[in-house]
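File shown here: data.txt, holding compact mmCIF, C-alpha atoms.
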```
# COMPACT_ATOMS: atom_id res chain seq x y z
CA MET A 174 -3.52 2.75 -1.06
CA SER A 175 -5.86 0.12 0.32
CA ALA A 176 -8.61 -1.93 -1.30
CA ARG A 177 -11.18 0.26 0.43
CA GLU A 178 -9.66 3.43 -0.99
CA GLN A 179 -9.96 2.05 -4.51
CA THR A 180 -13.75 2.32 -4.26
CA LEU A 181 -13.88 6.01 -3.37
CA PRO A 182 -16.44 7.92 -5.47
CA LEU A 183 -14.88 9.83 -8.33
CA PRO A 184 -16.01 13.07 -9.95
CA GLN A 185 -18.47 12.61 -12.78
CA GLN A 186 -16.02 13.84 -15.42
CA THR A 187 -13.39 11.25 -14.47
CA VAL A 188 -13.10 8.81 -17.37
CA HIS A 189 -9.44 7.75 -17.40
CA VAL A 190 -8.38 4.81 -15.25
CA ILE A 191 -5.08 3.01 -14.70
CA ASP A 192 -5.06 -0.56 -15.93
CA CYS A 193 -3.06 -2.61 -13.44
CA ARG A 194 -1.94 -4.91 -16.24
CA TRP A 195 0.16 -2.07 -17.64
CA LEU A 196 1.74 -1.52 -14.24
CA LEU A 197 2.58 -5.22 -14.09
CA ALA A 198 3.98 -5.15 -17.64
CA LEU A 199 6.71 -2.75 -16.47
CA TYR A 200 8.28 -5.66 -14.59
CA LEU A 201 9.26 -7.18 -17.92
CA VAL A 202 12.34 -4.97 -17.58
CA ILE A 203 13.61 -7.56 -15.05
CA PRO A 204 13.89 -10.60 -17.37
CA LEU A 205 15.03 -8.39 -20.24
CA SER A 206 17.83 -6.94 -18.10
CA LEU A 207 18.84 -10.39 -16.86
CA LEU A 208 18.96 -11.61 -20.46
CA VAL A 209 21.17 -8.68 -21.53
CA VAL A 210 23.49 -8.95 -18.54
CA PHE A 211 24.08 -12.69 -18.63
CA THR A 212 24.30 -12.87 -22.41
CA ASP A 213 26.94 -10.15 -22.34
CA ALA A 214 28.79 -11.66 -19.36
CA TRP A 215 28.81 -15.27 -20.56
CA LEU A 216 28.80 -15.11 -24.33
CA PHE A 217 30.66 -11.87 -25.02
CA GLU A 218 32.75 -11.58 -21.83
CA GLY A 219 31.51 -8.03 -21.31
CA ARG A 220 32.62 -6.67 -24.68
CA MET A 221 29.16 -5.70 -25.97
CA VAL A 222 27.67 -4.00 -22.88
CA TYR A 223 29.91 -3.96 -19.79
CA GLN A 224 32.82 -2.21 -21.45
CA ARG A 225 30.51 0.41 -22.98
CA ILE A 226 28.50 1.49 -19.94
CA PRO A 227 29.64 3.63 -16.98
CA THR A 228 30.28 2.01 -13.63
CA GLN A 229 27.95 4.55 -12.00
CA PRO A 230 24.61 5.63 -13.58
CA GLU A 231 25.24 9.29 -12.76
CA ASP A 232 28.27 9.26 -15.03
CA TRP A 233 25.81 9.40 -17.93
CA PRO A 234 25.03 13.13 -18.39
CA PHE A 235 21.39 12.54 -19.25
CA TRP A 236 20.68 10.14 -16.36
CA THR A 237 19.33 12.66 -13.82
CA VAL A 238 17.46 14.47 -16.59
CA ILE A 239 15.53 11.33 -17.53
CA PHE A 240 15.38 9.40 -14.26
CA GLY A 241 14.64 10.53 -10.72
CA LEU A 242 14.18 14.28 -10.81
CA PRO A 243 11.61 14.57 -13.66
CA HIS A 244 8.99 12.44 -11.93
CA ILE A 245 9.60 14.44 -8.74
CA ILE A 246 8.95 17.65 -10.67
CA ALA A 247 5.85 16.04 -12.22
CA SER A 248 4.44 15.37 -8.76
CA LEU A 249 5.04 19.01 -7.79
CA ILE A 250 3.27 20.14 -10.97
CA THR A 251 0.12 18.38 -9.76
CA MET A 252 0.30 20.71 -6.74
CA ALA A 253 0.13 23.88 -8.86
CA ASP A 254 -3.58 24.04 -8.09
CA ARG A 255 -5.24 26.57 -5.78
CA GLU A 256 -7.54 24.01 -4.17
CA TYR A 257 -4.65 21.64 -3.56
CA LEU A 258 -2.39 24.34 -2.13
CA ASN A 259 -5.12 25.38 0.30
CA HIS A 260 -5.65 21.75 1.30
CA TYR A 261 -2.01 20.78 1.79
CA ARG A 262 -0.26 23.97 2.85
CA ARG A 263 -0.40 23.33 6.58
CA SER A 264 0.75 19.72 6.26
CA LEU A 265 3.65 20.59 3.92
CA LEU A 266 5.08 23.86 5.27
CA TRP A 267 6.97 22.53 8.29
CA PRO A 268 8.25 19.38 6.54
CA MET A 269 9.55 21.58 3.70
CA LEU A 270 11.45 23.77 6.17
CA LEU A 271 12.80 20.69 7.94
CA PHE A 272 14.00 19.13 4.69
CA ALA A 273 15.60 22.41 3.62
CA GLY A 274 17.47 22.40 6.93
CA ILE A 275 18.66 18.81 6.45
CA ALA A 276 19.84 19.52 2.89
CA SER A 277 21.60 22.72 3.97
CA ALA A 278 23.32 21.00 6.89
CA GLY A 279 24.55 18.26 4.56
CA TYR A 280 26.22 20.74 2.23
CA LEU A 281 27.22 23.51 4.61
CA GLY A 282 27.96 21.60 7.82
CA PRO A 283 31.37 20.22 8.89
CA GLN A 284 32.75 18.00 6.16
CA PRO A 285 32.98 15.16 5.31
CA VAL A 286 30.74 14.00 8.16
CA SER A 287 27.75 16.16 7.20
CA TYR A 288 27.77 15.06 3.57
CA ASN A 289 28.23 11.40 4.56
CA LEU A 290 25.23 11.58 6.88
CA LEU A 291 23.23 13.28 4.15
CA PHE A 292 24.15 10.46 1.74
CA VAL A 293 22.89 7.80 4.16
CA PHE A 294 19.68 9.72 4.86
CA LEU A 295 19.05 10.31 1.15
CA GLY A 296 19.79 6.68 0.32
CA PHE A 297 17.42 5.25 2.91
CA TYR A 298 14.64 7.72 2.17
CA THR A 299 14.97 7.06 -1.57
CA ILE A 300 14.81 3.27 -1.13
CA TYR A 301 11.89 3.59 1.27
CA HIS A 302 10.01 5.83 -1.15
CA VAL A 303 10.63 3.66 -4.22
CA LEU A 304 9.72 0.37 -2.57
CA ALA A 305 6.84 1.74 -0.50
CA GLN A 306 5.16 2.80 -3.75
CA GLN A 307 5.54 -0.61 -5.36
CA LEU A 308 4.62 -2.57 -2.24
CA GLY A 309 1.61 -0.35 -1.58
CA LEU A 310 0.38 -1.06 -5.10
CA THR A 311 0.89 -4.77 -4.37
CA LEU A 312 -1.47 -4.55 -1.42
CA MET A 313 -4.05 -2.67 -3.49
CA MET A 314 -3.88 -5.25 -6.30
CA MET A 315 -4.18 -8.12 -3.84
CA GLY A 316 -7.30 -6.45 -2.45
CA VAL A 317 -6.48 -7.22 1.20
CA PRO A 318 -5.62 -5.17 4.29
CA PRO A 319 -2.04 -5.24 5.59
CA CYS A 320 -1.23 -8.13 7.91
CA ARG A 321 1.82 -8.95 10.03
CA SER A 322 3.41 -11.02 7.27
CA TYR A 323 2.95 -8.20 4.78
CA ARG A 324 4.50 -5.62 7.11
CA LEU A 325 7.48 -7.89 7.71
CA TRP A 326 7.80 -8.51 3.96
CA LYS A 327 7.67 -4.76 3.31
CA TRP A 328 10.36 -3.81 5.82
CA LEU A 329 12.66 -6.68 4.90
CA SER A 330 12.35 -5.58 1.26
CA ILE A 331 13.35 -2.04 2.23
CA ILE A 332 16.32 -3.26 4.30
CA ALA A 333 17.49 -5.49 1.43
CA GLY A 334 17.03 -2.62 -1.01
CA MET A 335 19.14 -0.35 1.20
CA ALA A 336 21.88 -2.99 1.41
CA ILE A 337 21.97 -3.24 -2.39
CA TYR A 338 21.96 0.56 -2.72
CA MET A 339 24.92 0.81 -0.35
CA ASN A 340 26.82 -1.74 -2.40
CA VAL A 341 26.32 0.40 -5.50
CA TYR A 342 27.12 3.82 -4.01
CA GLY A 343 28.65 3.27 -0.58
CA GLU A 344 32.31 2.94 -1.50
CA ARG A 345 32.08 5.99 -3.77
CA PHE A 346 30.64 8.27 -1.11
CA LEU A 347 31.77 6.70 2.17
CA GLY A 348 34.91 4.83 1.20
CA ASN A 349 35.72 1.24 1.99
CA ILE A 350 34.57 0.49 5.54
CA TRP A 351 35.97 -2.51 7.39
CA LEU A 352 34.48 -4.26 10.40
CA GLY A 353 37.49 -6.15 11.65
CA ASP A 354 38.74 -8.23 8.74
CA VAL A 355 35.47 -8.11 6.82
CA SER A 356 34.30 -5.35 4.47
CA LEU A 357 30.97 -3.76 5.32
CA TYR A 358 29.87 -4.27 1.73
CA THR A 359 30.55 -8.01 1.91
CA LEU A 360 28.38 -8.21 5.02
CA LEU A 361 25.67 -6.23 3.25
CA THR A 362 25.75 -8.66 0.33
CA TYR A 363 25.33 -11.71 2.56
CA SER A 364 22.63 -9.96 4.58
CA ALA A 365 20.69 -9.06 1.44
CA ALA A 366 20.94 -12.68 0.23
CA LEU A 367 19.55 -14.01 3.54
CA ILE A 368 16.78 -11.43 3.50
CA GLY A 369 16.01 -12.41 -0.11
CA ALA A 370 15.41 -15.98 1.04
CA ALA A 371 13.08 -14.70 3.77
CA LEU A 372 11.18 -12.62 1.21
CA VAL A 373 10.52 -15.75 -0.85
CA VAL A 374 9.16 -17.57 2.22
CA LEU A 375 6.94 -14.62 3.18
CA ALA A 376 5.68 -14.27 -0.40
CA ILE A 377 4.66 -17.94 -0.34
CA ARG A 378 2.68 -17.23 2.84
CA LEU A 379 1.09 -14.09 1.37
CA THR A 380 0.11 -15.61 -1.97
CA PRO A 381 -3.04 -17.44 -0.75
CA ARG A 382 -4.30 -14.23 0.87
CA SER A 383 -4.61 -12.39 -2.43
CA ARG A 384 -8.14 -11.95 -3.74
CA HIS A 385 -6.95 -11.20 -7.27
CA ARG A 386 -4.54 -13.07 -9.49
CA ILE A 387 -2.83 -9.88 -10.65
CA GLY A 388 -1.98 -9.17 -7.01
CA VAL A 389 -0.08 -12.47 -6.86
CA TRP A 390 1.88 -11.60 -10.01
CA TYR A 391 2.69 -8.14 -8.67
CA LEU A 392 3.74 -9.61 -5.31
CA TRP A 393 6.23 -11.94 -6.96
CA GLY A 394 7.32 -9.20 -9.35
CA ASN A 395 8.58 -7.23 -6.36
CA VAL A 396 10.36 -10.27 -4.95
CA ALA A 397 12.02 -10.65 -8.36
CA LEU A 398 12.97 -6.95 -8.24
CA ILE A 399 15.03 -7.47 -5.08
CA LEU A 400 16.57 -10.80 -6.08
CA SER A 401 17.45 -9.75 -9.63
CA THR A 402 19.16 -6.50 -8.58
CA LEU A 403 21.16 -8.39 -5.95
CA LEU A 404 22.25 -10.95 -8.54
CA ILE A 405 23.13 -8.34 -11.16
CA GLN A 406 25.13 -6.36 -8.61
CA GLU A 407 27.20 -9.45 -7.90
CA VAL A 408 27.90 -9.85 -11.61
CA GLY A 409 29.10 -6.25 -11.66
CA TYR A 410 26.56 -4.43 -13.85
CA ALA A 411 25.70 -1.64 -11.40
CA LEU A 412 23.93 0.42 -14.06
CA PHE A 413 21.21 -2.22 -14.39
CA VAL A 414 20.86 -2.45 -10.61
CA ILE A 415 19.65 1.14 -10.58
CA LEU A 416 17.99 1.10 -14.01
CA ILE A 417 15.49 -1.67 -13.19
CA PRO A 418 13.79 -0.06 -10.17
CA ARG A 419 14.08 3.40 -11.76
CA ILE A 420 12.14 2.37 -14.87
CA ILE A 421 9.47 0.57 -12.85
CA HIS A 422 9.09 3.32 -10.26
CA ASP A 423 9.31 6.38 -12.50
CA VAL A 424 7.06 5.09 -15.28
CA THR A 425 4.51 3.92 -12.71
CA ALA A 426 4.56 7.39 -11.16
CA TYR A 427 4.10 9.07 -14.53
CA MET A 428 1.13 6.82 -15.32
CA VAL A 429 -0.51 7.93 -12.07
CA TYR A 430 0.30 11.63 -12.54
CA VAL A 431 -0.83 11.74 -16.17
CA THR A 432 -4.08 9.97 -15.31
CA HIS A 433 -4.67 12.35 -12.42
CA ASP A 434 -3.96 15.44 -14.52
CA ARG A 435 -6.17 14.29 -17.39
CA ASN A 436 -9.07 13.76 -15.01
CA ARG A 437 -8.48 16.85 -12.91
CA ASN A 438 -8.10 19.18 -15.90
CA GLY A 439 -10.39 17.30 -18.27
CA GLU A 440 -13.14 19.84 -18.86
CA ALA A 441 -11.02 22.97 -18.30
CA PRO A 442 -7.53 23.36 -16.82
CA VAL A 443 -7.59 24.33 -13.14
CA ASN A 444 -3.89 23.69 -12.59
CA GLY A 445 -1.95 26.95 -12.90
CA LEU A 446 0.77 25.54 -15.18
CA TYR A 447 -1.76 23.85 -17.44
CA GLN A 448 -3.61 27.14 -17.70
CA LEU A 449 -0.39 28.87 -18.82
CA ALA A 450 0.23 26.11 -21.38
CA SER A 451 -3.38 25.87 -22.57
CA PHE A 452 -2.48 27.61 -25.84
CA THR A 453 -0.56 24.47 -26.87
CA ARG A 454 -3.73 22.34 -26.63
CA LEU A 455 -1.50 19.43 -25.71
CA SER A 456 -2.80 16.59 -23.57
CA PRO A 457 -1.16 15.98 -20.17
CA VAL A 458 0.11 12.76 -21.73
CA ILE A 459 2.57 14.93 -23.66
CA LEU A 460 2.59 18.18 -21.70
CA LEU A 461 3.42 16.77 -18.26
CA PRO A 462 6.57 14.87 -19.37
CA LEU A 463 7.69 17.87 -21.43
CA MET A 464 7.29 20.33 -18.56
CA SER A 465 8.83 18.05 -15.93
CA VAL A 466 11.82 17.04 -18.05
CA GLY A 467 12.38 20.67 -19.08
CA ILE A 468 12.38 21.92 -15.48
CA ALA A 469 14.58 18.99 -14.40
CA TYR A 470 17.04 19.83 -17.17
CA LEU A 471 17.31 23.45 -16.00
CA LEU A 472 17.87 22.44 -12.39
CA THR A 473 20.42 19.78 -13.36
CA SER A 474 22.29 22.27 -15.54
CA TYR A 475 22.89 24.54 -12.55
CA GLN A 476 23.26 21.89 -9.85
CA HIS A 477 26.94 22.74 -9.43
CA TYR A 478 25.70 25.74 -7.42
CA VAL A 479 25.18 24.75 -3.79
CA LEU A 480 21.86 26.58 -3.48
CA VAL A 481 20.45 24.72 -6.50
CA SER A 482 21.64 21.39 -5.06
CA ILE A 483 19.95 22.24 -1.76
CA LEU A 484 16.75 23.14 -3.64
CA VAL A 485 16.80 19.85 -5.57
CA LEU A 486 17.28 17.83 -2.40
CA THR A 487 14.58 19.78 -0.58
CA VAL A 488 11.95 19.18 -3.25
CA SER A 489 13.04 15.53 -3.51
CA PHE A 490 12.55 14.97 0.22
CA LEU A 491 9.24 16.84 0.10
CA HIS A 492 8.13 14.60 -2.77
CA TYR A 493 9.05 11.49 -0.77
CA TYR A 494 7.06 12.85 2.16
CA PHE A 495 3.80 13.87 0.52
CA GLU A 496 3.68 10.84 -1.78
CA GLY A 497 3.17 8.86 1.41
CA PHE A 498 -0.32 10.27 1.92
CA ILE A 499 -1.75 12.31 -0.99
CA TRP A 500 -3.08 9.20 -2.77
CA ARG A 501 -5.00 8.05 0.29
CA GLY A 502 -8.68 8.62 0.86
CA GLY A 503 -9.69 12.06 2.08
CA ASN A 504 -7.18 13.91 -0.09
CA PRO A 505 -8.16 15.62 -3.36
CA HIS A 506 -5.51 13.80 -5.42
CA ARG A 507 -7.12 10.44 -4.70
CA ARG A 508 -10.48 11.53 -6.13
CA TYR A 509 -9.02 11.71 -9.62
CA VAL A 510 -7.23 8.36 -9.80
CA THR A 511 -8.74 4.90 -9.88
CA PHE A 512 -7.41 1.50 -10.88
CA ARG A 513 -8.79 -1.37 -12.93
CA ARG A 514 -7.48 -4.80 -12.06
```

For this file, write the structure as structure tokens.
Amino acid sequence: MSAREQTLPLPQQTVHVIDCRWLLALYLVIPLSLLVVFTDAWLFEGRMVYQRIPTQPEDWPFWTVIFGLPHIIASLITMADREYLNHYRRSLLWPMLLFAGIASAGYLGPQPVSYNLLFVFLGFYTIYHVLAQQLGLTLMMMGVPPCRSYRLWKWLSIIAGMAIYMNVYGERFLGNIWLGDVSLYTLLTYSAALIGAALVVLAIRLTPRSRHRIGVWYLWGNVALILSTLLIQEVGYALFVILIPRIIHDVTAYMVYVTHDRNRNGEAPVNGLYQLASFTRLSPVILLPLMSVGIAYLLTSYQHYVLVSILVLTVSFLHYYFEGFIWRGGNPHRRYVTFRR
């Protein structure tokens, strides 16, 4: 989303806007997490938190029901609209078939190579999607077009994010990989640290370009996101490494989807699922999380079936794909969302 796209005319009935200060407030999870981690590590030697949390987030049964999949389902719910389906069907059909093929190959192809390749593809696409959302919002809040320094900052952030992601999940899914006498994960740690230093330098260069103070805060919030997760990973609290970006990304997404759905269905529901649920008279503020979490719970409950796992991956990849353009100018989604700095 660019500064120009923020000024697109909105329908007359649109009254709900997204206050960027609330989006920025989500980054408070970073200092709070650092406080919890280092208090537990230094004062309590891990007895209060570390010894009570799983080493991997997915080991918590409710994790995928609360984080990740629900916001993906919520984005698909916004598509349950005849006008939207007519608008997007040509641009989404072939990608959906491609993603279904990738997911199927990962599960049904020769193992373990196919599943390992699927893990790497999923990891990179997830990191790209999560950070592209936050960094795109940074550009919008700064109120400037992308420049060379911004593009470099964006891609270095994504590379660092992927390195951190691999340090959390890589050994579990790929095993311990050695390059000579050095572990791949050690190299990834050092690489992420060097990239983190470069991100600080680039952020210093980008700061004077911002036309709005909140853009500067959001810029540095994303630098802190990378540096804090790298630091926490080194301390050994992997759960918080995933929790921090998940809270920021997922809650941001829900704020956008809820605002969109309130504006789109404000006078009368045009979305098919909202029409079915109109008897509840619930606002999208309540109805959208309920529907998305409920559907995510059903899918998660049956994910031990290969076909369900393939379906979940397919819709996840499709979500990553269309989120890259539906909020840009010229698409119907964008007409129902605006931001206030």

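Comparing the minimum interatomic distances between Leu196 in chain A and each of A:Gly503, A:Gly497, A:Gly394, A:Gly369, counting only C-alpha atoms, we find that A:Gly394 sits nearest.
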
Original post:
Which polymer residues, protein or nucleic acid, are no farther than 12 Å from (-1.6, 24.9, -20.0), counting all atoms listed in the file, as a PyMOL selection string?
Top reply: chain A and resi 250+253+434-435+438-439+441-457+459-461+463-464

**OP:** May I ask which of the residues A:Gly409, A:Pro283, A:Pro418, A:Gly467 is the closest one to Tyr223 in chain A, counting all atoms listed in the file?
**Re:**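 Among A:Gly409, A:Pro283, A:Pro418, A:Gly467, it is A:Gly409 that comes nearest to Tyr223 in chain A.
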
Range 408-463 of chain A residues near range 200-220 of chain A within 12 Å, closest pair each, using all atoms listed in the file, as a tab-separated table:
```
residue	atom	partner	partner_atom	distance
A:Val408	CA	A:Ala214	CA	8.0
A:Gly409	CA	A:Val210	CA	9.3
A:Tyr410	CA	A:Val210	CA	7.2
A:Ala411	CA	A:Val210	CA	10.5
A:Leu412	CA	A:Ser206	CA	10.4
A:Phe413	CA	A:Ser206	CA	6.9
A:Val414	CA	A:Ser206	CA	9.2
A:Ile415	CA	A:Ser206	CA	11.2
A:Leu416	CA	A:Ser206	CA	9.0
A:Ile417	CA	A:Val202	CA	6.3
A:Pro418	CA	A:Ile203	CA	8.9
A:Arg419	CA	A:Val202	CA	10.3
A:Ile420	CA	A:Val202	CA	7.8
A:Ile421	CA	A:Tyr200	CA	6.6
A:His422	CA	A:Tyr200	CA	10.0
A:Val424	CA	A:Tyr200	CA	10.8
A:Thr425	CA	A:Tyr200	CA	10.5
```

Just C-alpha atoms for this one: save the residues we selected as a short mmCIF file (atom, residue, chain, number, x, y, z; two decimals), in the coordinates of the input.
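Result went into result-v1.cif, see below:
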```cif
data_model
loop_
_atom_site.label_atom_id
_atom_site.label_comp_id
_atom_site.auth_asym_id
_atom_site.auth_seq_id
_atom_site.Cartn_x
_atom_site.Cartn_y
_atom_site.Cartn_z
CA VAL A 408 27.90 -9.85 -11.61
CA GLY A 409 29.10 -6.25 -11.66
CA TYR A 410 26.56 -4.43 -13.85
CA ALA A 411 25.70 -1.64 -11.40
CA LEU A 412 23.93 0.42 -14.06
CA PHE A 413 21.21 -2.22 -14.39
CA VAL A 414 20.86 -2.45 -10.61
CA ILE A 415 19.65 1.14 -10.58
CA LEU A 416 17.99 1.10 -14.01
CA ILE A 417 15.49 -1.67 -13.19
CA PRO A 418 13.79 -0.06 -10.17
CA ARG A 419 14.08 3.40 -11.76
CA ILE A 420 12.14 2.37 -14.87
CA ILE A 421 9.47 0.57 -12.85
CA HIS A 422 9.09 3.32 -10.26
CA VAL A 424 7.06 5.09 -15.28
CA THR A 425 4.51 3.92 -12.71
#
```

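Note that the spacing between CA of His433 in chain A and CA of Tyr391 in chain A amounts to 22.1 Å.
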
Original post:
Counting all atoms listed in the file, which residues come within 9 Å of (3.2, 15.7, -12.9), with the point read in the file's coordinates, and could you list them as a PyMOL selection string?
Top reply: chain A and resi 243-252+426-427+429-431+433-434+457+461-462+464-465

**OP:** Between CA of Pro227 in chain A and CA of Asp423 in chain A, measure the distance and give it in Å to one decimal.
**Re:** 21.0 Å

Original post:
Closest to Val341 in chain A among A:Arg321, A:Glu407, A:Leu310, A:Leu270, using all atoms listed in the file?
Top reply: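 Of A:Arg321, A:Glu407, A:Leu310, A:Leu270, the one nearest Val341 in chain A is A:Glu407, counting all atoms listed in the file.
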
Subject >> Computed interatomic separation between CA of Leu486 in chain A and CA of Leu471 in chain A (Å) >> reply: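 Between CA of Leu486 in chain A and CA of Leu471 in chain A the gap works out to 14.7 Å.
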
Subject >> Contacts of range 329-335 of chain A within 7 Å, only C-alpha atoms, excl. fewer than 4 positions in-chain, as a list in words >> reply: Phe297, Ile300, Tyr301, Leu304, Leu325, Met339, Ala365, Ile368 and Ile399 of chain A

**OP:** Would you please work out which residue, of A:Val458, A:Ala469, A:Met315, A:Ala276, is nearest to Phe294 in chain A when using only C-alpha atoms?
**Re:**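 The closest residue to Phe294 in chain A is A:Ala276.
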